[in-house]
Each structure stands twice: as C-alpha cells, then as structure tokens.
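Containing mmCIF, C-alpha atoms: protein_26.cif.
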data_input
#
loop_
_atom_site.label_atom_id
_atom_site.label_comp_id
_atom_site.auth_asym_id
_atom_site.auth_seq_id
_atom_site.Cartn_x
_atom_site.Cartn_y
_atom_site.Cartn_z
CA MET A 1 2.93 4.54 2.77
CA ASN A 2 0.37 5.06 0.02
CA ILE A 3 -1.24 8.27 -1.19
CA HIS A 4 -4.35 9.15 -3.17
CA GLU A 5 -4.44 9.70 -6.91
CA TYR A 6 -5.08 13.43 -6.54
CA GLN A 7 -2.06 13.73 -4.25
CA ALA A 8 0.06 11.85 -6.78
CA LYS A 9 -0.99 14.31 -9.49
CA GLU A 10 0.04 17.23 -7.27
CA LEU A 11 3.49 15.70 -6.69
CA LEU A 12 4.00 15.03 -10.40
CA GLN A 13 3.09 18.59 -11.30
CA LYS A 14 5.97 19.83 -9.12
CA PHE A 15 8.34 18.25 -11.65
CA ASP A 16 6.46 19.37 -14.75
CA VAL A 17 4.99 15.94 -15.47
CA ALA A 18 2.04 16.58 -17.75
CA THR A 19 -1.34 15.50 -16.33
CA THR A 20 -4.97 16.35 -16.96
CA ARG A 21 -6.51 19.49 -15.44
CA GLY A 22 -8.54 19.04 -12.30
CA ARG A 23 -8.71 19.14 -8.49
CA VAL A 24 -10.04 17.18 -5.57
CA ALA A 25 -13.41 17.85 -3.96
CA ALA A 26 -14.64 16.92 -0.50
CA THR A 27 -18.12 18.44 -0.84
CA LEU A 28 -20.82 18.58 -3.51
CA ASP A 29 -20.40 22.35 -3.86
CA ASP A 30 -16.65 21.91 -4.45
CA ALA A 31 -17.26 19.23 -7.09
CA GLU A 32 -19.73 21.39 -8.97
CA GLN A 33 -17.49 24.47 -8.79
CA ILE A 34 -14.43 22.60 -10.13
CA ALA A 35 -16.56 21.31 -13.01
CA ARG A 36 -17.60 24.90 -13.86
CA GLU A 37 -13.98 26.05 -13.81
CA LEU A 38 -12.96 23.28 -16.22
CA GLY A 39 -15.34 24.69 -18.81
CA ASP A 40 -17.20 23.04 -21.66
CA VAL A 41 -15.40 19.69 -21.64
CA GLU A 42 -16.21 16.14 -20.64
CA ILE A 43 -15.42 15.65 -16.97
CA VAL A 44 -14.36 12.49 -15.14
CA VAL A 45 -15.33 11.97 -11.50
CA LYS A 46 -13.13 9.45 -9.67
CA ALA A 47 -13.61 8.10 -6.16
CA GLN A 48 -10.45 8.54 -4.05
CA VAL A 49 -9.67 5.39 -2.07
CA HIS A 50 -6.49 3.39 -1.50
CA ALA A 51 -7.47 0.54 -3.79
CA GLY A 52 -7.42 -0.45 -7.43
CA GLY A 53 -10.35 -1.60 -9.56
CA ARG A 54 -12.42 1.46 -8.75
CA GLY A 55 -14.07 1.59 -12.15
CA LYS A 56 -15.47 -1.93 -11.73
CA GLY A 57 -16.31 -1.47 -8.06
CA THR A 58 -19.77 -1.16 -6.51
CA PHE A 59 -20.94 1.13 -3.72
CA LYS A 60 -22.88 -0.38 -0.84
CA ASN A 61 -25.70 2.04 -1.68
CA GLY A 62 -26.09 0.17 -4.99
CA PHE A 63 -24.36 2.73 -7.24
CA LYS A 64 -22.02 0.98 -9.65
CA GLY A 65 -18.55 2.21 -10.56
CA GLY A 66 -16.11 4.55 -8.83
CA VAL A 67 -15.20 6.30 -12.11
CA HIS A 68 -17.77 8.17 -14.24
CA VAL A 69 -17.67 10.67 -17.11
CA ARG A 70 -20.19 13.51 -17.18
CA LYS A 71 -20.75 16.65 -19.30
CA THR A 72 -22.25 19.30 -17.02
CA PRO A 73 -21.56 20.63 -13.50
CA ALA A 74 -25.04 19.51 -12.42
CA GLU A 75 -24.33 15.95 -13.56
CA VAL A 76 -20.97 16.01 -11.78
CA ARG A 77 -22.73 17.06 -8.57
CA GLU A 78 -25.26 14.26 -8.99
CA VAL A 79 -22.53 11.60 -9.35
CA ALA A 80 -20.49 13.02 -6.48
CA ALA A 81 -23.58 12.78 -4.26
CA LYS A 82 -23.68 9.04 -4.88
CA MET A 83 -19.99 8.65 -4.01
CA LEU A 84 -19.07 11.00 -1.16
CA GLY A 85 -19.52 9.44 2.25
CA GLN A 86 -20.35 6.07 0.69
CA ILE A 87 -18.47 2.76 0.90
CA LEU A 88 -16.89 1.49 -2.32
CA VAL A 89 -16.15 -2.24 -2.65
CA THR A 90 -13.57 -3.39 -5.22
CA HIS A 91 -11.58 -6.59 -5.72
CA GLN A 92 -8.76 -5.01 -3.70
CA THR A 93 -10.74 -3.64 -0.75
CA GLY A 94 -12.37 -6.89 0.26
CA PRO A 95 -16.07 -7.06 1.21
CA ALA A 96 -15.68 -4.36 3.89
CA GLY A 97 -14.87 -1.74 1.24
CA ARG A 98 -13.46 1.74 1.79
CA THR A 99 -15.26 4.99 2.55
CA VAL A 100 -14.99 7.66 -0.15
CA ASN A 101 -14.31 11.01 1.51
CA LYS A 102 -13.08 12.81 -1.59
CA VAL A 103 -13.50 12.67 -5.37
CA LEU A 104 -11.17 13.83 -8.12
CA VAL A 105 -12.91 16.06 -10.66
CA ALA A 106 -10.78 16.36 -13.80
CA GLU A 107 -10.94 16.97 -17.51
CA SER A 108 -11.55 13.77 -19.43
CA ALA A 109 -8.75 13.00 -21.86
CA ASP A 110 -9.14 12.16 -25.54
CA ILE A 111 -7.21 8.90 -25.42
CA ALA A 112 -5.60 7.63 -28.59
CA ARG A 113 -3.34 5.05 -26.91
CA GLU A 114 -2.61 3.71 -23.41
CA ILE A 115 0.83 2.77 -22.08
CA TYR A 116 2.17 1.33 -18.83
CA PHE A 117 5.23 3.05 -17.36
CA ALA A 118 6.88 2.59 -13.98
CA ILE A 119 10.15 3.31 -12.23
CA LEU A 120 10.89 0.99 -9.35
CA LEU A 121 13.77 -0.10 -7.18
CA ASP A 122 15.28 -3.29 -8.56
CA ARG A 123 16.52 -5.13 -5.49
CA ALA A 124 18.67 -7.48 -7.57
CA THR A 125 20.85 -4.59 -8.78
CA ALA A 126 20.08 -2.10 -5.97
CA ALA A 127 19.31 0.47 -8.64
CA PRO A 128 16.28 2.10 -10.29
CA LEU A 129 14.67 0.25 -13.18
CA VAL A 130 12.22 1.41 -15.84
CA VAL A 131 9.49 -1.13 -16.55
CA ALA A 132 7.17 -0.23 -19.42
CA SER A 133 4.72 -1.82 -21.82
CA THR A 134 2.53 -0.89 -24.75
CA GLU A 135 -0.29 -2.69 -22.91
CA GLY A 136 -1.42 0.23 -20.77
CA GLY A 137 -4.59 0.15 -18.73
CA VAL A 138 -3.94 -3.51 -17.91
CA GLU A 139 -2.40 -4.84 -14.69
CA ILE A 140 1.29 -5.43 -15.34
CA GLU A 141 1.04 -8.87 -13.69
CA THR A 142 -1.46 -9.88 -16.38
CA VAL A 143 0.84 -8.64 -19.14
CA ALA A 144 3.81 -10.48 -17.61
CA ALA A 145 1.83 -13.71 -17.50
CA LYS A 146 0.25 -13.56 -20.95
CA SER A 147 2.66 -11.45 -23.04
CA PRO A 148 6.06 -11.21 -21.30
CA GLU A 149 7.70 -10.14 -24.56
CA LYS A 150 5.74 -6.88 -24.37
CA ILE A 151 7.49 -5.76 -21.18
CA ILE A 152 10.38 -3.33 -21.66
CA ARG A 153 13.11 -2.96 -19.05
CA GLU A 154 15.77 -0.26 -18.90
CA ALA A 155 18.29 -0.18 -16.06
CA ILE A 156 19.26 3.25 -14.68
CA ASP A 157 22.67 4.07 -13.27
CA PRO A 158 21.90 5.51 -9.81
CA LEU A 159 24.81 7.96 -10.08
CA ALA A 160 24.23 9.18 -13.63
CA GLY A 161 20.43 9.05 -13.54
CA LEU A 162 18.13 8.60 -16.51
CA HIS A 163 20.05 9.73 -19.61
CA PRO A 164 18.14 11.58 -22.36
CA PHE A 165 19.11 8.87 -24.85
CA GLN A 166 17.55 6.25 -22.56
CA ALA A 167 14.31 8.20 -22.38
CA ARG A 168 14.19 8.44 -26.19
CA LYS A 169 15.09 4.75 -26.51
CA VAL A 170 12.21 3.69 -24.26
CA ALA A 171 9.85 6.08 -26.06
CA LYS A 172 10.72 4.49 -29.42
CA GLN A 173 10.28 1.00 -28.00
CA LEU A 174 6.84 2.04 -26.79
CA GLY A 175 5.87 3.09 -30.30
CA PHE A 176 5.97 6.87 -29.92
CA GLU A 177 6.21 8.64 -33.27
CA SER A 178 8.95 11.19 -34.04
CA SER A 179 6.61 14.11 -33.33
CA GLN A 180 5.79 12.64 -29.91
CA LEU A 181 9.32 11.78 -28.72
CA LYS A 182 10.05 15.16 -27.13
CA ASN A 183 6.90 15.17 -24.98
CA ALA A 184 7.34 11.52 -24.01
CA SER A 185 11.01 11.98 -23.05
CA LYS A 186 10.20 15.05 -20.97
CA LEU A 187 7.52 13.13 -19.13
CA PHE A 188 9.84 10.15 -18.45
CA GLU A 189 12.58 12.43 -17.14
CA GLY A 190 10.08 14.24 -14.89
CA LEU A 191 8.91 10.93 -13.47
CA TYR A 192 12.49 9.93 -12.69
CA ARG A 193 13.19 13.26 -10.93
CA THR A 194 10.03 12.70 -8.88
CA PHE A 195 11.14 9.16 -8.00
CA ILE A 196 14.52 10.36 -6.73
CA ALA A 197 13.37 13.56 -5.04
CA PHE A 198 10.81 11.84 -2.80
CA ASP A 199 12.77 8.65 -2.03
CA CYS A 200 10.23 6.47 -3.79
CA SER A 201 10.41 2.73 -4.06
CA MET A 202 7.97 2.88 -6.99
CA VAL A 203 6.27 5.39 -9.25
CA GLU A 204 3.74 3.71 -11.52
CA VAL A 205 1.70 5.41 -14.22
CA ASN A 206 -1.07 3.23 -15.61
CA PRO A 207 -2.23 4.38 -17.95
CA LEU A 208 0.18 6.87 -19.43
CA ILE A 209 -1.79 8.11 -22.40
CA VAL A 210 -1.14 9.56 -25.82
CA THR A 211 -3.90 11.95 -26.89
CA ALA A 212 -5.20 12.75 -30.36
CA LYS A 213 -3.12 15.97 -30.14
CA ASP A 214 0.13 13.97 -29.63
CA GLU A 215 0.30 14.88 -25.92
CA ALA A 216 1.79 12.43 -23.45
CA LEU A 217 -0.06 12.61 -20.11
CA ALA A 218 0.19 10.75 -16.83
CA LEU A 219 -3.46 9.86 -16.33
CA ASP A 220 -3.30 7.78 -13.15
CA ALA A 221 -0.23 7.47 -10.91
CA LYS A 222 0.56 5.31 -7.92
CA PHE A 223 3.41 6.01 -5.48
CA ASN A 224 5.17 3.80 -2.95
CA PHE A 225 7.59 5.53 -0.60
CA ASP A 226 10.52 4.20 1.39
CA ASP A 227 9.14 4.49 4.92
CA ASN A 228 12.68 4.67 6.31
CA ALA A 229 13.20 7.94 4.41
CA LEU A 230 9.98 9.67 5.44
CA TYR A 231 11.81 11.62 8.15
CA ARG A 232 13.38 13.59 5.30
CA HIS A 233 9.99 14.36 3.79
CA PRO A 234 7.53 15.73 6.34
CA GLU A 235 5.48 17.05 3.42
CA ILE A 236 4.99 13.48 2.20
CA ALA A 237 4.27 12.07 5.66
CA ALA A 238 1.57 14.74 5.99
CA LEU A 239 -0.25 13.21 3.00
CA ARG A 240 -1.01 10.00 4.92
CA ASP A 241 -4.74 9.27 5.11
CA VAL A 242 -5.20 7.01 8.14
CA ALA A 243 -8.93 6.74 7.40
CA GLN A 244 -7.98 4.54 4.43
CA GLU A 245 -5.80 2.21 6.50
CA ASP A 246 -6.50 -0.75 8.75
CA PRO A 247 -7.05 0.75 12.26
CA ARG A 248 -4.88 -2.01 13.72
CA GLU A 249 -1.99 -1.06 11.45
CA VAL A 250 -2.42 2.62 12.31
CA GLU A 251 -2.25 1.85 16.03
CA ALA A 252 0.78 -0.42 15.52
CA SER A 253 2.65 2.32 13.65
CA LYS A 254 2.23 4.62 16.68
CA HIS A 255 4.29 2.15 18.72
CA GLY A 256 6.88 1.41 16.04
CA LEU A 257 5.51 -2.09 15.44
CA ASN A 258 5.64 -3.81 12.07
CA TYR A 259 2.08 -5.11 11.77
CA ILE A 260 -0.01 -6.32 8.83
CA GLY A 261 -3.54 -7.59 9.47
CA LEU A 262 -4.62 -10.85 7.82
CA ASP A 263 -7.84 -12.88 7.74
CA GLY A 264 -6.95 -15.82 10.01
CA ASN A 265 -7.71 -16.49 13.68
CA ILE A 266 -4.26 -17.23 15.18
CA ALA A 267 -2.45 -14.04 16.15
CA CYS A 268 1.35 -14.07 15.97
CA LEU A 269 3.63 -12.07 18.26
CA VAL A 270 7.21 -12.56 17.12
CA ASN A 271 10.52 -10.68 17.20
CA GLY A 272 12.27 -10.50 13.86
CA ALA A 273 10.75 -10.36 10.38
CA GLY A 274 12.27 -13.66 9.23
CA LEU A 275 11.08 -15.50 12.34
CA ALA A 276 7.64 -13.92 11.90
CA MET A 277 7.41 -15.25 8.34
CA ALA A 278 8.53 -18.71 9.47
CA THR A 279 5.92 -18.66 12.25
CA MET A 280 3.15 -17.82 9.80
CA ASP A 281 4.31 -20.57 7.45
CA ILE A 282 4.33 -23.26 10.12
CA ILE A 283 0.87 -22.25 11.35
CA LYS A 284 -0.37 -22.78 7.79
CA PHE A 285 1.54 -26.07 7.59
CA TYR A 286 -0.35 -27.45 10.59
CA GLY A 287 -3.74 -26.37 9.26
CA GLY A 288 -4.17 -22.97 10.88
CA GLU A 289 -4.60 -19.46 9.51
CA PRO A 290 -2.44 -16.56 10.80
CA ALA A 291 -4.35 -13.44 11.82
CA ASN A 292 -1.43 -11.11 11.32
CA PHE A 293 2.22 -10.50 10.62
CA LEU A 294 3.73 -8.84 13.68
CA ASP A 295 7.38 -8.10 14.37
CA VAL A 296 7.66 -6.53 17.83
CA GLY A 297 11.41 -5.98 17.67
CA GLY A 298 13.30 -6.41 20.92
CA GLY A 299 11.53 -4.25 23.50
CA ALA A 300 9.36 -5.47 26.39
CA ASN A 301 7.20 -2.32 26.28
CA GLU A 302 6.23 -3.02 22.68
CA GLN A 303 4.83 -6.40 23.72
CA GLN A 304 2.06 -4.85 25.79
CA ALA A 305 1.02 -2.62 22.89
CA ALA A 306 1.17 -5.63 20.57
CA PHE A 307 -1.12 -7.68 22.85
CA LYS A 308 -3.66 -4.85 22.91
CA ILE A 309 -3.71 -4.66 19.12
CA ILE A 310 -4.03 -8.38 18.43
CA THR A 311 -6.66 -9.00 21.13
CA ALA A 312 -8.76 -6.16 19.70
CA ASP A 313 -9.27 -8.29 16.58
CA PRO A 314 -12.60 -10.15 17.11
CA LYS A 315 -11.51 -12.97 14.77
CA VAL A 316 -8.56 -13.99 16.98
CA ARG A 317 -9.14 -17.33 18.74
CA GLY A 318 -5.58 -17.95 19.88
CA ILE A 319 -2.19 -16.26 20.21
CA LEU A 320 1.23 -17.71 19.41
CA VAL A 321 4.16 -15.91 21.03
CA ASN A 322 7.43 -16.96 19.40
CA ILE A 323 10.41 -15.02 20.76
CA PHE A 324 14.15 -15.52 20.41
CA GLY A 325 15.91 -13.74 23.25
CA GLY A 326 19.30 -12.44 22.23
CA ILE A 327 20.24 -8.93 23.26
CA MET A 328 16.85 -8.72 24.97
CA LYS A 329 17.05 -11.66 27.38
CA CYS A 330 14.27 -14.23 27.68
CA ASP A 331 13.52 -13.52 31.34
CA VAL A 332 12.94 -9.83 30.52
CA ILE A 333 10.67 -10.83 27.64
CA ALA A 334 8.79 -13.28 29.89
CA GLN A 335 8.16 -10.54 32.43
CA GLY A 336 6.84 -8.34 29.64
CA ILE A 337 4.42 -11.11 28.59
CA ILE A 338 3.27 -11.54 32.18
CA ASN A 339 2.72 -7.81 32.68
CA ALA A 340 0.78 -7.58 29.42
CA GLY A 341 -1.32 -10.63 30.28
CA LYS A 342 -2.29 -9.24 33.67
CA THR A 343 -3.02 -5.76 32.31
CA ILE A 344 -5.11 -6.84 29.34
CA LYS A 345 -6.80 -9.88 30.95
CA LEU A 346 -6.37 -12.25 28.02
CA SER A 347 -9.56 -14.06 27.01
CA VAL A 348 -8.04 -16.39 24.38
CA PRO A 349 -5.46 -19.17 24.78
CA VAL A 350 -1.82 -18.07 24.54
CA VAL A 351 0.94 -20.44 23.42
CA VAL A 352 4.45 -19.29 24.34
CA ARG A 353 7.68 -20.54 22.83
CA LEU A 354 10.87 -18.86 24.07
CA GLU A 355 14.46 -19.62 23.12
CA GLY A 356 17.76 -17.90 23.83
CA THR A 357 19.56 -16.25 26.74
CA ASN A 358 18.14 -17.02 30.22
CA VAL A 359 15.41 -19.21 28.73
CA GLU A 360 15.14 -21.47 31.80
CA GLN A 361 14.60 -18.49 34.11
CA ALA A 362 11.98 -17.23 31.66
CA LYS A 363 10.10 -20.53 31.65
CA GLN A 364 10.06 -20.54 35.45
CA LEU A 365 8.65 -17.01 35.53
CA LEU A 366 5.87 -17.98 33.12
CA LYS A 367 5.10 -21.12 35.11
CA GLU A 368 4.74 -19.15 38.35
CA SER A 369 2.84 -16.24 36.77
CA GLY A 370 -0.62 -17.58 37.50
CA LEU A 371 -1.63 -16.94 33.89
CA ALA A 372 -3.17 -19.65 31.72
CA LEU A 373 -0.25 -19.83 29.32
CA ILE A 374 0.52 -22.89 27.20
CA ALA A 375 4.24 -23.65 27.12
CA ALA A 376 5.82 -25.06 23.95
CA GLY A 377 9.19 -26.72 23.47
CA ASP A 378 9.95 -25.89 19.86
CA LEU A 379 8.34 -24.07 16.94
CA ALA A 380 6.55 -27.13 15.55
CA ASP A 381 5.15 -27.93 18.99
CA ALA A 382 4.07 -24.31 19.43
CA ALA A 383 2.30 -24.20 16.06
CA GLN A 384 0.43 -27.46 16.69
CA LYS A 385 -0.70 -26.30 20.12
CA ALA A 386 -1.79 -22.90 18.76
CA VAL A 387 -3.83 -24.49 15.97
CA ALA A 388 -5.47 -26.91 18.42
CA ALA A 389 -6.21 -24.12 20.92
CA ALA A 390 -7.77 -21.93 18.24
CA LYS A 391 -10.05 -24.83 17.30
CA GLY A 392 -11.03 -25.28 20.94
CA LYS A 393 -9.37 -28.68 21.28
#

Can you dump the structure from the file as structure tokens?
Amino acid sequence: MNIHEYQAKELLQKFDVATTRGRVAATLDDAEQIARELGDVEIVVKAQVHAGGRGKGTFKNGFKGGVHVRKTPAEVREVAAKMLGQILVTHQTGPAGRTVNKVLVAESADIAREIYFAILLDRATAAPLVVASTEGGVEIETVAAKSPEKIIREAIDPLAGLHPFQARKVAKQLGFESSQLKNASKLFEGLYRTFIAFDCSMVEVNPLIVTAKDEALALDAKFNFDDNALYRHPEIAALRDVAQEDPREVEASKHGLNYIGLDGNIACLVNGAGLAMATMDIIKFYGGEPANFLDVGGGANEQQAAFKIITADPKVRGILVNIFGGIMKCDVIAQGIINAGKTIKLSVPVVVRLEGTNVEQAKQLLKESGLALIAAGDLADAAQKAVAAAKGK
C-alpha cells in the first residue's frame, strides 16, 4: 500500500522527524488560506499523486510541472487552480496519467545540500538496512548504476535497533559537519522508529536536505507498508486512496486476490505466485504479452470474481487458466470455471490447463460443459494455444 507525500509528512511528525511547515489542500480556498498562514516566505505547491517525476510531468490541460514555487497566496491559488481536478502525466503514470485531487502547500526550504536516505527490509539478512548516499534528489537506481561507491549501507540489528553511534557514523559518512551531527542523528533515529512502529517495508527520504541554517529536514518521503501487517494499523489502512489505484486492482483486493494489471492482451488466471510468474514468462517466450499477474489462491469462489475482473479489461483478447489442483481438487476447480463461464458469458477464447488431483474428472467436466474452452495438455501447449487464440489464429 502506498500513501501520499502529505500523509507521509504527517506520519513522520508523530516521531519528531523534522519536515517543512505546510498542509494539504483540496480546494482553492484551502490552498490560499494555508499560504497566508505560512507567512511571508516562498511557498511550494506540489501535486499529490501516487507517482514519481511530478516536477517534470505535464498536465493534460497543458500546464507543465506538478511542483511550483510561488511567493504570494494569490499566486498559490492560481497554480492550484491549474492542478486540482486535472490529470498529471509523468514517466511513472503512463499516458493515462493520474487525477490530482489534492495539493501540498508548504514552506519552500533553503537547500544547501541534498541527501538520499532510506531504511528498508533487507531480505538477504531478514533485517532492516540503512541505504544512503550524498547524491540526493537523484533516483537511487541511477546512483547505483553510475556511482556505486557513493552508496552507504549500514545493517541494523532488529533486536537492538539503530544505535546512536550508527546514526552518527552514517551522518559522518554523508558529510555532515560536527555542528549538524545532532540534528542528523535525531532525524535518522526518528525515521527508524517510524519504520518499526508502522511495520514498514521501506521508508525513503529523497531528498533529505541540509539547509543554510544547518537544519536536517525530510523534504519528500515515500512509504511502503507490509500489507500482511495492516490489520494491526487501521489508521494506516484508512490512508489508502483508491482513486489513485488501478480500478481492477482495487476490485481484486476486495476479494482477496493478488492482482497486478499489465499492458498485454492475454489474461492469466493461476493459483500460486510462482506458477503465475512462470505462466507469464512462457507467454512471453511464445511471443505473447500477459495482461496481468493474478494469483487466485485455492478457492473456487475467487475464480468467478477473477473472471469478472480480467474480462472487464478491454485489451484482453484471450485467457489462459493454469491451475494445479492440490488441496483444492481439479474437479472442484473445473466446476468453478464452468460456473464462472456461464455466469459471465465469456466473449474471448479461454485456454485451460489443469494438473493435479482428480484431473481426469475435471477434464471430462470441462468437455461436457458446453462452453467453448480450449483444452491444453501441458504449460507449453497452453501458452502456444493462448498466444494463437489472442492473435485470432
């Protein structure tokens, strides 16, 4: 689950992580009022969407840039008018873009230096890891590719937490001066407390800035949360903005389905994440493009919901069902496919490959169903038939 920048700032402030002054606005009047409250300072107006590259983005109304600095409340209102309710297109949103429903109105910082700082879960050690760099304001992937020596890593003992000496060590490696070490260490420790308290898988601050007054501020933060722990944090779950998500993924989450929409035309309905990845790979291998990642788990009821979601995608020209029946037997799964097919009235070809317990009974059920299903013997055969069906061959 992702959250907006303004929400991230509010979470950081709970743990005394220093950020710039400001609030979110959903209306022009709110934007102007917040600007007045901030006083005689330069003010930054930032479009709030779940995507990076906002500053270089373009609105479909022709207005360029999702981040602007202005000096007066009237100017803030004018910029907000060009953002609110408009669609912002960035390199991460794709050509469809995202609608801007809110803007962050905050005091512009006097930046002397920019730093990258993140705490993430290192899966290799199953422990938190600090990843930092003096190259702030730049995507960390770019730094890793061009200047890997500039990336600092500091492992954190999950039981002991981030020690004060580790915070000072990282601060020194990042070039903080003696007079700045206290503020930097406090900020790092606050970020770690935030990471642990909310069961995060990542807290990224880019940039973390040093001001001309030797302040260390988290200017822009991004959070990733462990979805499996959200039941412990209803206050975090409440921050979800479904308007910023793919409608198909929102619908899938209501049924407990693991779904990610892609740009291809062959929909995949598979049980098991590993099998789903293999199915997508083999579709690509035979010249097709998967339309989604979809792990339906083991329930027959989920299959009907899954069919509704994937057939709602206008790009889908074929469906590949690849199910291994273990605990959930193949004949039960086959009946679920039949029920879904009759309820939804499938209008695209469906290739079905089943394997596992009671597979022969399942194949007989599918054969006698009266549905125009294409049977496949193995995964390679299924992928080839799905690719051909999607091409109308």

Care to translate the PyMOL selection byres ((chain A and resi 346-352) around 7) into actual residues of this file, as a PyMOL selection string?
chain A and resi 317-322+341+344-345+353-354+373-376+382+385-386+389

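Nearest-residue note for A:Leu294: choosing from A:Tyr259, A:Phe198, A:Phe117, A:Phe324, the minimum distance belongs to A:Tyr259, counting only C-alpha atoms.
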
Counting all atoms listed in the file, find the residues whose atoms lie at most 12 Å from (-0.9, 20.8, -1.0) (file coordinates) and write them out as a VMD selection string.
chain A and resid 6 to 11 13 to 14 23 to 24 235 to 236 238 to 239

Given the PyMOL selection byres ((chain A and resi 106) around 10) and the file above, list the residues it selects as an mmCIF file with C-alpha atoms, keeping the file's coordinate frame.
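Saved file expr.cif follows:
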data_model
loop_
_atom_site.group_PDB
_atom_site.id
_atom_site.type_symbol
_atom_site.label_atom_id
_atom_site.label_comp_id
_atom_site.auth_asym_id
_atom_site.auth_seq_id
_atom_site.Cartn_x
_atom_site.Cartn_y
_atom_site.Cartn_z
ATOM 1 C CA TYR A 6 -5.080 13.430 -6.540
ATOM 2 C CA THR A 19 -1.340 15.500 -16.330
ATOM 3 C CA THR A 20 -4.970 16.350 -16.960
ATOM 4 C CA ARG A 21 -6.510 19.490 -15.440
ATOM 5 C CA GLY A 22 -8.540 19.040 -12.300
ATOM 6 C CA ARG A 23 -8.710 19.140 -8.490
ATOM 7 C CA VAL A 24 -10.040 17.180 -5.570
ATOM 8 C CA ALA A 31 -17.260 19.230 -7.090
ATOM 9 C CA ILE A 34 -14.430 22.600 -10.130
ATOM 10 C CA ALA A 35 -16.560 21.310 -13.010
ATOM 11 C CA LEU A 38 -12.960 23.280 -16.220
ATOM 12 C CA VAL A 41 -15.400 19.690 -21.640
ATOM 13 C CA GLU A 42 -16.210 16.140 -20.640
ATOM 14 C CA ILE A 43 -15.420 15.650 -16.970
ATOM 15 C CA VAL A 44 -14.360 12.490 -15.140
ATOM 16 C CA VAL A 45 -15.330 11.970 -11.500
ATOM 17 C CA LYS A 46 -13.130 9.450 -9.670
ATOM 18 C CA VAL A 69 -17.670 10.670 -17.110
ATOM 19 C CA VAL A 103 -13.500 12.670 -5.370
ATOM 20 C CA LEU A 104 -11.170 13.830 -8.120
ATOM 21 C CA VAL A 105 -12.910 16.060 -10.660
ATOM 22 C CA GLU A 107 -10.940 16.970 -17.510
ATOM 23 C CA SER A 108 -11.550 13.770 -19.430
ATOM 24 C CA ALA A 109 -8.750 13.000 -21.860
#

Starting from the displayed file, determine the output of the PyMOL selection byres ((chain A and resi 120-128) around 10) and express the residue list as a PyMOL selection string.
chain A and resi 118-119+129-131+154-159+161-162+192+195-196+200-204+223-224

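For the set A:Ala167, A:Leu366, A:Cys268, A:Ala229, the residue with the smallest atom-to-atom gap to A:Ala197 is A:Ala229, counting all atoms listed in the file.
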
Between A:Ala80, A:Ala132, A:Leu208, A:Ile87, smallest distance to A:Glu114 by all atoms listed in the file belongs to A:Leu208

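Atom pair atom CA of A:Ala362 / atom CA of A:Cys330: separated by 5.5 Å.
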
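The interatomic distance for the pair atom CA of A:Ser133 and atom CA of A:Glu215 works out to 17.8 Å.
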
Do a neighbour search on A:Leu365 at 8 Å with all atoms listed in the file, toss out local chain neighbours closer than 5 positions, and write the hits as a PyMOL selection string.
chain A and resi 331+334-335

Students should find that atom CA of A:Glu368 and atom CA of A:Ile333 are spaced 14.8 Å

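Of the listed residues A:Gly288, A:Gly264, A:Gly52, A:Gly175, the one whose atoms come nearest to A:His4 is A:Gly52, with distances taken using all atoms listed in the file.
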